[in-house]
file data.cif (mmCIF, C-alpha atoms)
data_coords
#
loop_
_atom_site.label_atom_id
_atom_site.label_comp_id
_atom_site.auth_asym_id
_atom_site.auth_seq_id
_atom_site.Cartn_x
_atom_site.Cartn_y
_atom_site.Cartn_z
CA MET F 11 -30.51 -3.03 -20.91
CA ALA F 12 -28.93 -2.87 -17.48
CA VAL F 13 -30.84 -1.03 -14.80
CA SER F 14 -28.90 1.97 -13.49
CA PRO F 15 -28.18 1.95 -9.73
CA SER F 16 -29.40 5.55 -9.58
CA SER F 17 -32.89 4.30 -10.42
CA TYR F 18 -33.21 2.11 -7.31
CA SER F 19 -35.98 4.33 -5.96
CA ASP F 20 -38.36 1.56 -4.96
CA SER F 21 -38.45 -2.16 -4.33
CA GLU F 22 -39.77 -2.90 -7.81
CA SER F 23 -36.85 -1.25 -9.61
CA PHE F 24 -34.41 -2.84 -7.15
CA ALA F 25 -35.86 -6.29 -7.84
CA ALA F 26 -35.58 -5.63 -11.57
CA ALA F 27 -31.93 -4.66 -11.15
CA LEU F 28 -31.17 -7.84 -9.22
CA HIS F 29 -32.87 -9.94 -11.88
CA ASP F 30 -30.92 -8.14 -14.61
CA LEU F 31 -27.64 -8.65 -12.75
CA ALA F 32 -28.31 -12.36 -12.25
CA ASN F 33 -28.83 -12.74 -16.00
CA ARG F 34 -25.62 -10.90 -16.84
CA LEU F 35 -23.35 -12.55 -14.25
CA PRO F 36 -21.98 -15.27 -16.58
CA ASP F 37 -20.78 -12.62 -19.05
CA LEU F 38 -19.30 -10.14 -16.57
CA LYS F 39 -15.51 -9.98 -16.37
CA HIS F 40 -15.47 -10.49 -12.61
CA GLY F 41 -18.72 -12.38 -12.41
CA LYS F 42 -17.48 -15.13 -10.09
CA TYR F 43 -16.37 -12.60 -7.47
CA ILE F 44 -19.60 -10.63 -7.75
CA GLN F 45 -21.53 -13.85 -7.25
CA ARG F 46 -19.36 -14.72 -4.26
CA ALA F 47 -20.10 -11.33 -2.63
CA LEU F 48 -23.82 -11.62 -3.33
CA THR F 49 -23.83 -15.15 -1.92
CA VAL F 50 -22.39 -13.90 1.37
CA LEU F 51 -25.08 -11.20 1.60
CA MET F 52 -27.82 -13.69 0.79
CA ARG F 53 -26.48 -16.10 3.39
CA LEU F 54 -26.50 -13.37 6.04
CA THR F 55 -30.18 -12.67 5.43
CA GLY F 56 -30.98 -16.13 6.78
CA GLU F 57 -28.82 -15.85 9.87
CA GLU F 58 -29.14 -14.09 13.22
CA VAL F 59 -27.73 -10.69 12.31
CA ASP F 60 -28.73 -7.55 14.23
CA ARG F 61 -29.79 -4.24 12.76
CA LEU F 62 -26.51 -2.70 13.93
CA ASP F 63 -24.59 -5.43 12.10
CA TRP F 64 -26.36 -4.54 8.86
CA LYS F 65 -25.64 -0.84 9.43
CA ILE F 66 -21.94 -1.60 9.90
CA LEU F 67 -21.86 -3.82 6.83
CA SER F 68 -23.66 -1.35 4.57
CA ALA F 69 -21.60 1.64 5.77
CA ALA F 70 -18.36 -0.30 5.32
CA MET F 71 -19.37 -1.22 1.78
CA GLN F 72 -20.12 2.44 1.04
CA ASP F 73 -16.66 3.34 2.35
CA LEU F 74 -15.16 0.70 0.04
CA GLU F 75 -17.19 1.92 -2.91
CA GLY F 76 -15.93 5.48 -2.48
CA GLY F 77 -12.32 4.33 -2.21
CA PHE F 78 -12.47 1.98 -5.18
CA GLN F 79 -14.05 4.60 -7.43
CA THR F 80 -11.62 7.35 -6.40
CA PHE F 81 -8.41 5.38 -6.87
CA TYR F 82 -9.28 3.36 -9.95
CA PRO F 83 -8.32 6.04 -12.54
CA TYR F 84 -4.89 6.36 -10.89
CA ARG F 85 -4.17 2.66 -10.34
CA HIS F 86 -1.06 2.66 -12.58
CA ILE F 87 0.69 5.52 -10.75
CA ARG F 88 2.79 4.78 -7.70
CA LYS F 89 1.78 6.54 -4.49
CA VAL F 90 3.28 7.25 -1.08
CA SER F 91 1.19 7.59 2.08
CA VAL F 92 2.34 10.39 4.39
CA PHE F 93 1.51 10.09 8.09
CA GLY F 94 2.17 12.51 10.94
CA SER F 95 0.60 14.67 13.59
CA ALA F 96 -2.48 16.76 12.85
CA ARG F 97 -1.24 19.16 15.55
CA THR F 98 2.07 20.15 13.95
CA PRO F 99 2.11 23.97 13.47
CA VAL F 100 3.03 25.38 10.06
CA ASP F 101 6.02 27.25 11.55
CA LYS F 102 7.74 24.08 12.78
CA PRO F 103 10.72 22.84 10.69
CA ILE F 104 9.20 19.36 10.46
CA TYR F 105 6.16 20.83 8.70
CA GLN F 106 8.35 22.29 5.97
CA MET F 107 10.23 19.00 5.71
CA ALA F 108 6.94 17.25 5.00
CA VAL F 109 6.10 19.87 2.36
CA ASP F 110 9.51 19.44 0.71
CA PHE F 111 9.38 15.64 0.89
CA SER F 112 5.97 15.47 -0.76
CA ARG F 113 6.97 17.95 -3.46
CA ARG F 114 10.11 15.97 -4.25
CA MET F 115 8.20 12.69 -4.44
CA THR F 116 5.76 14.15 -6.97
CA GLU F 117 8.72 15.45 -8.98
CA GLN F 118 9.82 11.81 -9.16
CA GLY F 119 6.40 10.83 -10.49
CA PHE F 120 4.67 9.63 -7.33
CA MET F 121 1.33 10.81 -5.97
CA VAL F 122 0.78 11.51 -2.26
CA ILE F 123 -1.94 10.16 0.05
CA THR F 124 -2.67 11.83 3.39
CA GLY F 125 -5.41 11.71 5.99
CA ALA F 126 -6.68 15.08 4.67
CA GLY F 127 -6.39 16.81 8.05
CA GLU F 128 -4.18 19.61 9.30
CA GLY F 129 -0.55 19.52 10.42
CA ILE F 130 1.67 17.02 8.61
CA MET F 131 -1.30 15.90 6.51
CA ALA F 132 -1.81 19.44 5.22
CA ALA F 133 1.93 19.69 4.58
CA GLY F 134 1.77 16.54 2.48
CA ASN F 135 -1.07 17.86 0.34
CA GLU F 136 0.54 21.30 0.10
CA GLY F 137 3.83 19.88 -1.13
CA ALA F 138 2.24 17.45 -3.57
CA GLY F 139 -0.23 19.97 -4.95
CA ARG F 140 -3.89 19.32 -5.59
CA ASP F 141 -3.35 17.45 -8.85
CA ASN F 142 -1.07 14.90 -7.20
CA SER F 143 -2.88 14.58 -3.87
CA PHE F 144 -5.38 12.23 -2.29
CA GLY F 145 -7.10 12.86 1.03
CA LEU F 146 -8.66 10.08 3.08
CA ASN F 147 -10.73 11.90 5.67
CA ILE F 148 -12.31 10.28 8.72
CA ASN F 149 -15.52 11.51 10.34
CA LEU F 150 -14.58 12.49 13.90
CA PRO F 151 -16.31 14.67 16.51
CA PHE F 152 -13.15 16.78 16.84
CA GLU F 153 -9.83 17.64 15.19
CA GLN F 154 -10.45 16.24 11.72
CA GLY F 155 -11.71 18.58 9.04
CA SER F 156 -10.26 18.62 5.54
CA ASN F 157 -7.30 20.91 4.96
CA ARG F 158 -7.55 23.67 2.37
CA TYR F 159 -5.14 21.95 -0.02
CA ILE F 160 -7.49 19.01 -0.64
CA GLU F 161 -10.92 20.33 0.40
CA GLY F 162 -13.42 20.03 -2.46
CA ASP F 163 -11.15 17.89 -4.62
CA THR F 164 -12.55 14.82 -6.35
CA LYS F 165 -9.71 12.80 -4.80
CA LEU F 166 -10.93 13.52 -1.27
CA VAL F 167 -12.71 10.48 0.20
CA GLN F 168 -14.85 10.60 3.35
CA PHE F 169 -14.71 7.48 5.53
CA LYS F 170 -16.92 6.47 8.41
CA TYR F 171 -14.63 3.76 9.74
CA PHE F 172 -10.94 3.73 10.54
CA PHE F 173 -10.54 0.15 9.34
CA THR F 174 -11.77 0.89 5.81
CA ARG F 175 -9.71 4.07 5.69
CA LYS F 176 -6.59 2.17 6.78
CA LEU F 177 -7.23 -0.43 4.11
CA PHE F 178 -6.87 2.18 1.38
CA PHE F 179 -3.83 3.86 2.92
CA LEU F 180 -1.94 0.59 2.56
CA ARG F 181 -3.70 -1.01 -0.40
CA GLU F 182 -3.05 1.99 -2.63
CA SER F 183 0.41 3.00 -1.45
CA ASP F 184 3.76 1.82 -2.76
CA ALA F 185 5.65 3.42 0.12
CA ILE F 186 4.99 4.74 3.62
CA ALA F 187 6.55 7.93 5.03
CA LEU F 188 6.01 8.72 8.70
CA PHE F 189 6.77 11.99 10.44
CA PRO F 190 6.52 12.44 14.24
CA GLY F 191 3.00 12.28 15.59
CA GLY F 192 0.71 11.10 18.36
CA PHE F 193 -1.34 7.98 18.98
CA GLY F 194 -2.74 7.93 15.45
CA THR F 195 0.68 8.15 13.84
CA LEU F 196 2.09 5.43 16.09
CA ASP F 197 -0.93 3.27 15.30
CA GLU F 198 -0.26 3.74 11.58
CA ALA F 199 3.45 3.07 12.11
CA PHE F 200 2.94 -0.22 13.91
CA GLU F 201 0.17 -1.33 11.59
CA SER F 202 2.48 -0.74 8.62
CA LEU F 203 5.28 -2.65 10.35
CA THR F 204 2.99 -5.52 11.36
CA LEU F 205 1.49 -5.93 7.90
CA SER F 206 4.94 -5.75 6.31
CA GLN F 207 6.39 -8.28 8.76
CA THR F 208 3.52 -10.70 8.09
CA GLY F 209 3.56 -10.20 4.31
CA LYS F 210 0.14 -8.57 4.19
CA TYR F 211 1.61 -5.31 2.86
CA GLY F 212 4.35 -4.84 0.34
CA PRO F 213 7.13 -5.53 -0.23
CA ALA F 214 7.42 -1.74 -0.05
CA PRO F 215 9.67 0.81 1.67
CA ILE F 216 8.74 2.30 5.05
CA VAL F 217 10.62 5.47 5.96
CA PHE F 218 10.59 7.24 9.35
CA ILE F 219 11.54 10.91 8.90
CA ASP F 220 12.62 13.19 11.76
CA ASN F 221 13.99 16.68 12.28
CA PRO F 222 17.75 16.93 11.72
CA GLY F 223 19.28 15.51 14.88
CA GLY F 224 15.87 14.50 16.21
CA ASP F 225 15.36 11.46 18.42
CA TYR F 226 11.67 10.68 17.92
CA TRP F 227 12.10 7.60 15.72
CA GLN F 228 15.54 6.64 17.02
CA SER F 229 14.06 6.18 20.48
CA LEU F 230 11.41 3.89 19.01
CA ASP F 231 14.14 1.92 17.23
CA ARG F 232 16.02 1.55 20.53
CA HIS F 233 12.89 0.22 22.19
CA ILE F 234 12.45 -2.34 19.41
CA ARG F 235 16.06 -3.49 19.69
CA ASP F 236 16.34 -3.38 23.50
CA HIS F 237 13.02 -5.05 24.28
CA LEU F 238 11.50 -6.79 21.25
CA ILE F 239 14.62 -8.28 19.69
CA THR F 240 16.39 -8.94 23.00
CA ASN F 241 13.37 -10.86 24.29
CA GLY F 242 12.85 -12.77 21.07
CA LEU F 243 9.55 -11.05 20.29
CA VAL F 244 10.59 -10.12 16.74
CA SER F 245 13.31 -11.33 14.42
CA PRO F 246 16.73 -9.63 14.42
CA ASN F 247 16.11 -8.98 10.71
CA ASP F 248 12.82 -7.16 11.26
CA PRO F 249 14.29 -3.65 11.72
CA SER F 250 15.45 -3.88 8.11
CA ILE F 251 11.79 -3.42 7.17
CA TYR F 252 12.13 0.29 7.89
CA THR F 253 14.58 3.14 7.36
CA ILE F 254 15.09 5.99 9.85
CA THR F 255 16.53 9.25 8.55
CA ASP F 256 16.60 13.00 9.08
CA ASP F 257 17.88 13.54 5.53
CA LEU F 258 15.28 14.11 2.81
CA ASP F 259 17.72 13.00 0.11
CA GLN F 260 17.96 9.61 1.78
CA ALA F 261 14.21 9.45 2.41
CA CYS F 262 13.36 10.10 -1.23
CA SER F 263 16.06 7.85 -2.66
CA THR F 264 15.06 4.99 -0.34
CA ILE F 265 11.63 5.03 -1.94
CA SER F 266 12.53 5.66 -5.56
CA ASN F 267 15.46 3.20 -5.55
CA PHE F 268 13.21 0.45 -4.24
CA TYR F 269 11.58 0.37 -7.68
CA ARG F 270 14.73 0.78 -9.74
CA VAL F 271 14.93 -2.90 -10.72
CA TYR F 272 12.15 -4.43 -8.62
CA HIS F 273 8.72 -3.69 -10.11
CA SER F 274 6.06 -5.66 -8.24
CA SER F 275 5.14 -9.14 -7.05
CA ARG F 276 2.25 -11.54 -6.63
CA TYR F 277 1.48 -15.15 -5.91
CA VAL F 278 0.48 -17.58 -8.66
CA ASN F 279 -0.65 -20.69 -6.84
CA HIS F 280 2.37 -21.80 -4.77
CA LEU F 281 4.88 -19.59 -6.58
CA PHE F 282 6.01 -16.12 -5.55
CA VAL F 283 6.44 -14.11 -8.77
CA MET F 284 8.75 -11.09 -8.65
CA ARG F 285 8.48 -8.82 -11.68
CA LEU F 286 11.55 -6.81 -12.65
CA ASN F 287 12.17 -3.73 -14.76
CA SER F 288 15.34 -5.34 -16.13
CA GLU F 289 16.42 -8.96 -16.54
CA LEU F 290 19.15 -10.16 -14.20
CA SER F 291 22.18 -12.06 -15.39
CA ASP F 292 22.47 -15.79 -14.74
CA GLN F 293 25.42 -15.08 -12.46
CA THR F 294 23.33 -12.69 -10.37
CA VAL F 295 20.55 -15.25 -9.99
CA GLU F 296 23.12 -17.78 -8.83
CA GLN F 297 24.32 -15.27 -6.24
CA LEU F 298 20.74 -14.76 -5.02
CA ASN F 299 20.31 -18.51 -4.66
CA ARG F 300 23.41 -18.66 -2.49
CA ASP F 301 22.54 -15.63 -0.37
CA TYR F 302 18.81 -16.24 0.09
CA ALA F 303 18.35 -20.00 0.16
CA ASP F 304 16.70 -19.53 3.57
CA LEU F 305 13.70 -17.91 1.86
CA LEU F 306 12.85 -21.05 -0.08
CA VAL F 307 10.49 -23.86 0.86
CA LYS F 308 12.19 -25.98 -1.78
CA GLY F 309 13.75 -25.61 -5.21
CA ARG F 310 15.56 -22.56 -6.49
CA ILE F 311 15.07 -18.96 -7.55
CA GLU F 312 14.55 -19.14 -11.30
CA LYS F 313 14.22 -16.64 -14.13
CA SER F 314 10.88 -16.79 -15.93
CA ALA F 315 8.62 -15.12 -18.45
CA ALA F 316 5.02 -14.35 -17.49
CA LEU F 317 3.21 -17.43 -16.23
CA PRO F 318 0.03 -18.58 -18.01
CA ALA F 319 -2.14 -17.10 -15.25
CA GLU F 320 -0.55 -13.70 -15.91
CA LYS F 321 -1.31 -13.52 -19.61
CA GLY F 322 -3.04 -10.27 -20.44
CA ASP F 323 -1.59 -8.58 -17.34
CA ASP F 324 -0.13 -5.10 -17.85
CA THR F 325 3.22 -6.48 -16.67
CA GLU F 326 3.21 -9.44 -19.06
CA ASN F 327 6.32 -8.27 -20.91
CA LEU F 328 8.47 -7.84 -17.80
CA PRO F 329 11.10 -10.43 -16.83
CA ARG F 330 10.49 -12.35 -13.65
CA LEU F 331 12.00 -14.33 -10.83
CA VAL F 332 9.87 -17.17 -9.46
CA PHE F 333 10.38 -19.29 -6.35
CA GLU F 334 8.54 -21.01 -3.53
CA PHE F 335 8.74 -18.38 -0.79
CA ASN F 336 8.33 -19.56 2.80
CA GLN F 337 6.01 -16.56 3.51
CA LYS F 338 7.54 -15.98 6.95
CA SER F 339 10.72 -14.04 6.11
CA ALA F 340 9.37 -10.74 4.82
CA ALA F 341 12.30 -8.78 6.21
CA ARG F 342 14.78 -11.04 4.40
CA LEU F 343 12.73 -10.72 1.23
CA GLY F 344 13.10 -6.96 1.50
CA GLN F 345 16.86 -7.38 1.89
CA MET F 346 16.91 -9.45 -1.27
CA ILE F 347 14.99 -6.77 -3.17
CA ARG F 348 17.40 -4.08 -2.02
CA GLN F 349 20.34 -6.22 -3.16
CA ILE F 350 18.67 -6.63 -6.56
CA ASN F 351 18.17 -2.87 -6.77
CA GLU F 352 21.84 -2.23 -6.02
CA LEU F 353 22.48 -3.72 -9.46
CA GLY F 354 20.63 -0.79 -10.99
CA ALA F 355 23.84 0.97 -11.94
CA LEU F 356 24.71 -2.02 -14.11
CA LEU F 357 21.32 -2.27 -15.82
CA PRO F 358 19.39 0.02 -18.18
CA GLU F 359 17.62 2.68 -16.12
CA SER F 360 13.83 2.49 -16.07
CA ASN F 361 12.26 5.58 -17.63
CA HIS F 362 9.29 5.40 -15.33
CA PRO F 363 9.96 3.57 -12.03
CA GLU F 364 6.85 5.26 -10.67
CA ARG F 365 4.63 3.40 -13.13
CA LYS F 366 3.07 0.21 -11.85
#
call {"tool": "encode", "arguments": {"input": "data.cif", "output": "structure tokens"}}
result
Amino acid sequence: MAVSPSSYSDSESFAAALHDLANRLPDLKHGKYIQRALTVLMRLTGEEVDRLDWKILSAAMQDLEGGFQTFYPYRHIRKVSVFGSARTPVDKPIYQMAVDFSRRMTEQGFMVITGAGEGIMAAGNEGAGRDNSFGLNINLPFEQGSNRYIEGDTKLVQFKYFFTRKLFFLRESDAIALFPGGFGTLDEAFESLTLSQTGKYGPAPIVFIDNPGGDYWQSLDRHIRDHLITNGLVSPNDPSIYTITDDLDQACSTISNFYRVYHSSRYVNHLFVMRLNSELSDQTVEQLNRDYADLLVKGRIEKSAALPAEKGDDTENLPRLVFEFNQKSAARLGQMIRQINELGALLPESNHPERK
């Protein structure tokens, strides 16, 4: 019988648990990854590692444990992370826009993730409602308590470190919505853009939302175009990673339409596998090969069923496109996905685009 982690009250029971785990490793579903993690820890015990290093490692693992356990039951539901200022008063129009946006996204079947604080974060949880909300709180000496819309909920996670908290914002979200904010919001904005540009996040929509007629995000876009693109610091295609709007209809449709035909993607060895909600015609695939040949290392974009490595996956029955992606043109890949989704009017509509 396996030893329960709750019984690790002394070194003897802990040693017994380790022995039991070692015996069960060959039969565990993810045994090779568990062994890999344990091997790293064992290797560290023989190296010059300070007490502070061990405190950071153990606290980070506790952060990860809390996030994994909280999100696992909801892993098949699409989610949108909502970022914005903690200092936005409830009587500001942008606060109500964040409430309305979050409510409309949950009406489309998405759940909402916020930083659990006040301002735009509270608006996100208020609009989504407790049942459809997550809160990822960070322990700070000021400004960051949990808002009343998520306080006490089982989907509220307390993090010690920003880096583990940020991991879950992006790992668990299928879209990013950013409202005006301060340093923290801009940090989250540029992290989302950087990880999208480098292929470490997504493909997924990123939407910057402003007050009607507002200039907060447009001024950022001008800076990107006038300084980054002009000086060759980013690709001319990179602004297509994000959408700027002051219209909630456009903000919501940008996110929901992204998953109209496109479902998800992954790598299987050297192949990029794009799962679709509906099979594309041969003529459409030919058009994609003509329009996006620059994405390919070699070969062509081909239609495919699930590859052998995907057997047993929840998406096994979905049609696929497979190709050797160059892994450096994430913005162009997003353009290709949007072109595929424009075919949605010609294909059977997915009943649940919010389902992963």
call {"tool": "resolve_selection", "arguments": {"input": "data.cif", "expression": "the PyMOL selection byres ((chain F and resi 111) around 9)", "output": "list of chain:residue names"}}
result
F:Gln106, F:Met107, F:Ala108, F:Val109, F:Asp110, F:Ser112, F:Arg113, F:Arg114, F:Met115, F:Thr116, F:Gly134, F:Gly137, F:Ala138, F:Leu258, F:Asp259, F:Ala261, F:Cys262
call {"tool": "closest_residue", "arguments": {"input": "data.cif", "among": "F:Leu290, F:Gly322, F:Tyr302, F:Val90", "to": "Glu352 of chain F", "atoms": "all atoms listed in the file"}}
result
F:Leu290
call {"tool": "resolve_selection", "arguments": {"input": "data.cif", "expression": "the PyMOL selection byres ((chain F and resi 183) around 7)", "output": "list of chain:residue names"}}
result
F:Arg88, F:Lys89, F:Val90, F:Ser91, F:Phe179, F:Leu180, F:Arg181, F:Glu182, F:Asp184, F:Ala185
call {"tool": "closest_residue", "arguments": {"input": "data.cif", "among": "F:Ala126, F:Ala316, F:Ala341, F:Leu150", "to": "Pro329 of chain F", "atoms": "only C-alpha atoms"}}
result
F:Ala316
call {"tool": "residues_near_point", "arguments": {"input": "data.cif", "point": "(13.6, -0.3, 16.1)", "cutoff": "12 Å", "atoms": "all atoms listed in the file", "output": "mmCIF file with C-alpha atoms, keeping the file's coordinate frame"}}
result
data_model
loop_
_atom_site.group_PDB
_atom_site.id
_atom_site.type_symbol
_atom_site.label_atom_id
_atom_site.label_comp_id
_atom_site.auth_asym_id
_atom_site.auth_seq_id
_atom_site.Cartn_x
_atom_site.Cartn_y
_atom_site.Cartn_z
ATOM 1 C CA ALA F 199 3.450 3.070 12.110
ATOM 2 C CA PHE F 200 2.940 -0.220 13.910
ATOM 3 C CA LEU F 203 5.280 -2.650 10.350
ATOM 4 C CA PHE F 218 10.590 7.240 9.350
ATOM 5 C CA TYR F 226 11.670 10.680 17.920
ATOM 6 C CA TRP F 227 12.100 7.600 15.720
ATOM 7 C CA GLN F 228 15.540 6.640 17.020
ATOM 8 C CA SER F 229 14.060 6.180 20.480
ATOM 9 C CA LEU F 230 11.410 3.890 19.010
ATOM 10 C CA ASP F 231 14.140 1.920 17.230
ATOM 11 C CA ARG F 232 16.020 1.550 20.530
ATOM 12 C CA HIS F 233 12.890 0.220 22.190
ATOM 13 C CA ILE F 234 12.450 -2.340 19.410
ATOM 14 C CA ARG F 235 16.060 -3.490 19.690
ATOM 15 C CA ASP F 236 16.340 -3.380 23.500
ATOM 16 C CA HIS F 237 13.020 -5.050 24.280
ATOM 17 C CA LEU F 238 11.500 -6.790 21.250
ATOM 18 C CA ILE F 239 14.620 -8.280 19.690
ATOM 19 C CA THR F 240 16.390 -8.940 23.000
ATOM 20 C CA VAL F 244 10.590 -10.120 16.740
ATOM 21 C CA SER F 245 13.310 -11.330 14.420
ATOM 22 C CA PRO F 246 16.730 -9.630 14.420
ATOM 23 C CA ASN F 247 16.110 -8.980 10.710
ATOM 24 C CA ASP F 248 12.820 -7.160 11.260
ATOM 25 C CA PRO F 249 14.290 -3.650 11.720
ATOM 26 C CA SER F 250 15.450 -3.880 8.110
ATOM 27 C CA ILE F 251 11.790 -3.420 7.170
ATOM 28 C CA TYR F 252 12.130 0.290 7.890
ATOM 29 C CA THR F 253 14.580 3.140 7.360
ATOM 30 C CA ILE F 254 15.090 5.990 9.850
#
call {"tool": "residues_around", "arguments": {"input": "data.cif", "residues": "Leu317 of chain F", "least_positions_apart": "4", "cutoff": "10 Å", "atoms": "only C-alpha atoms", "output": "VMD selection string"}}
result
chain F and resid 278 283 321 326 330 332
call {"tool": "decode", "arguments": {"input": "data.cif", "residues": "segment 102-121 of chain F", "atoms": "N, CA and C atoms", "output": "CSV table (one decimal), in the first residue's frame"}}
result
chain,number,residue,atom,x,y,z
F,102,LYS,N,-14.6,53.9,-12.8
F,102,LYS,CA,-14.0,54.2,-14.1
F,102,LYS,C,-14.7,53.3,-15.2
F,103,PRO,N,-14.9,53.9,-16.4
F,103,PRO,CA,-15.5,53.1,-17.4
F,103,PRO,C,-14.7,51.9,-17.8
F,104,ILE,N,-13.4,51.9,-17.7
F,104,ILE,CA,-12.6,50.8,-18.1
F,104,ILE,C,-12.8,49.6,-17.1
F,105,TYR,N,-13.2,49.9,-15.9
F,105,TYR,CA,-13.5,48.8,-14.9
F,105,TYR,C,-14.7,48.1,-15.4
F,106,GLN,N,-15.8,48.8,-15.8
F,106,GLN,CA,-17.0,48.2,-16.2
F,106,GLN,C,-16.8,47.4,-17.5
F,107,MET,N,-15.9,47.9,-18.4
F,107,MET,CA,-15.5,47.2,-19.6
F,107,MET,C,-14.9,45.8,-19.3
F,108,ALA,N,-14.1,45.8,-18.2
F,108,ALA,CA,-13.4,44.6,-17.9
F,108,ALA,C,-14.5,43.6,-17.3
F,109,VAL,N,-15.4,44.1,-16.5
F,109,VAL,CA,-16.5,43.3,-16.0
F,109,VAL,C,-17.3,42.7,-17.2
F,110,ASP,N,-17.7,43.6,-18.1
F,110,ASP,CA,-18.5,43.1,-19.3
F,110,ASP,C,-17.7,42.1,-20.2
F,111,PHE,N,-16.5,42.4,-20.4
F,111,PHE,CA,-15.6,41.5,-21.2
F,111,PHE,C,-15.6,40.1,-20.6
F,112,SER,N,-15.3,40.0,-19.3
F,112,SER,CA,-15.2,38.8,-18.6
F,112,SER,C,-16.5,38.0,-18.6
F,113,ARG,N,-17.6,38.7,-18.4
F,113,ARG,CA,-18.9,38.1,-18.4
F,113,ARG,C,-19.2,37.5,-19.8
F,114,ARG,N,-18.9,38.3,-20.8
F,114,ARG,CA,-19.2,37.8,-22.2
F,114,ARG,C,-18.3,36.6,-22.5
F,115,MET,N,-17.1,36.6,-22.0
F,115,MET,CA,-16.2,35.4,-22.3
F,115,MET,C,-16.8,34.2,-21.6
F,116,THR,N,-17.3,34.3,-20.4
F,116,THR,CA,-17.8,33.1,-19.8
F,116,THR,C,-19.1,32.7,-20.5
F,117,GLU,N,-19.9,33.6,-21.0
F,117,GLU,CA,-21.1,33.2,-21.8
F,117,GLU,C,-20.7,32.4,-23.0
F,118,GLN,N,-19.5,32.6,-23.5
F,118,GLN,CA,-19.0,31.9,-24.7
F,118,GLN,C,-18.4,30.6,-24.2
F,119,GLY,N,-18.3,30.3,-22.9
F,119,GLY,CA,-17.8,29.0,-22.4
F,119,GLY,C,-16.4,29.0,-21.9
F,120,PHE,N,-15.8,30.2,-21.9
F,120,PHE,CA,-14.4,30.3,-21.3
F,120,PHE,C,-14.5,30.6,-19.8
F,121,MET,N,-13.4,30.3,-19.1
F,121,MET,CA,-13.2,30.7,-17.7
F,121,MET,C,-12.2,31.8,-17.7
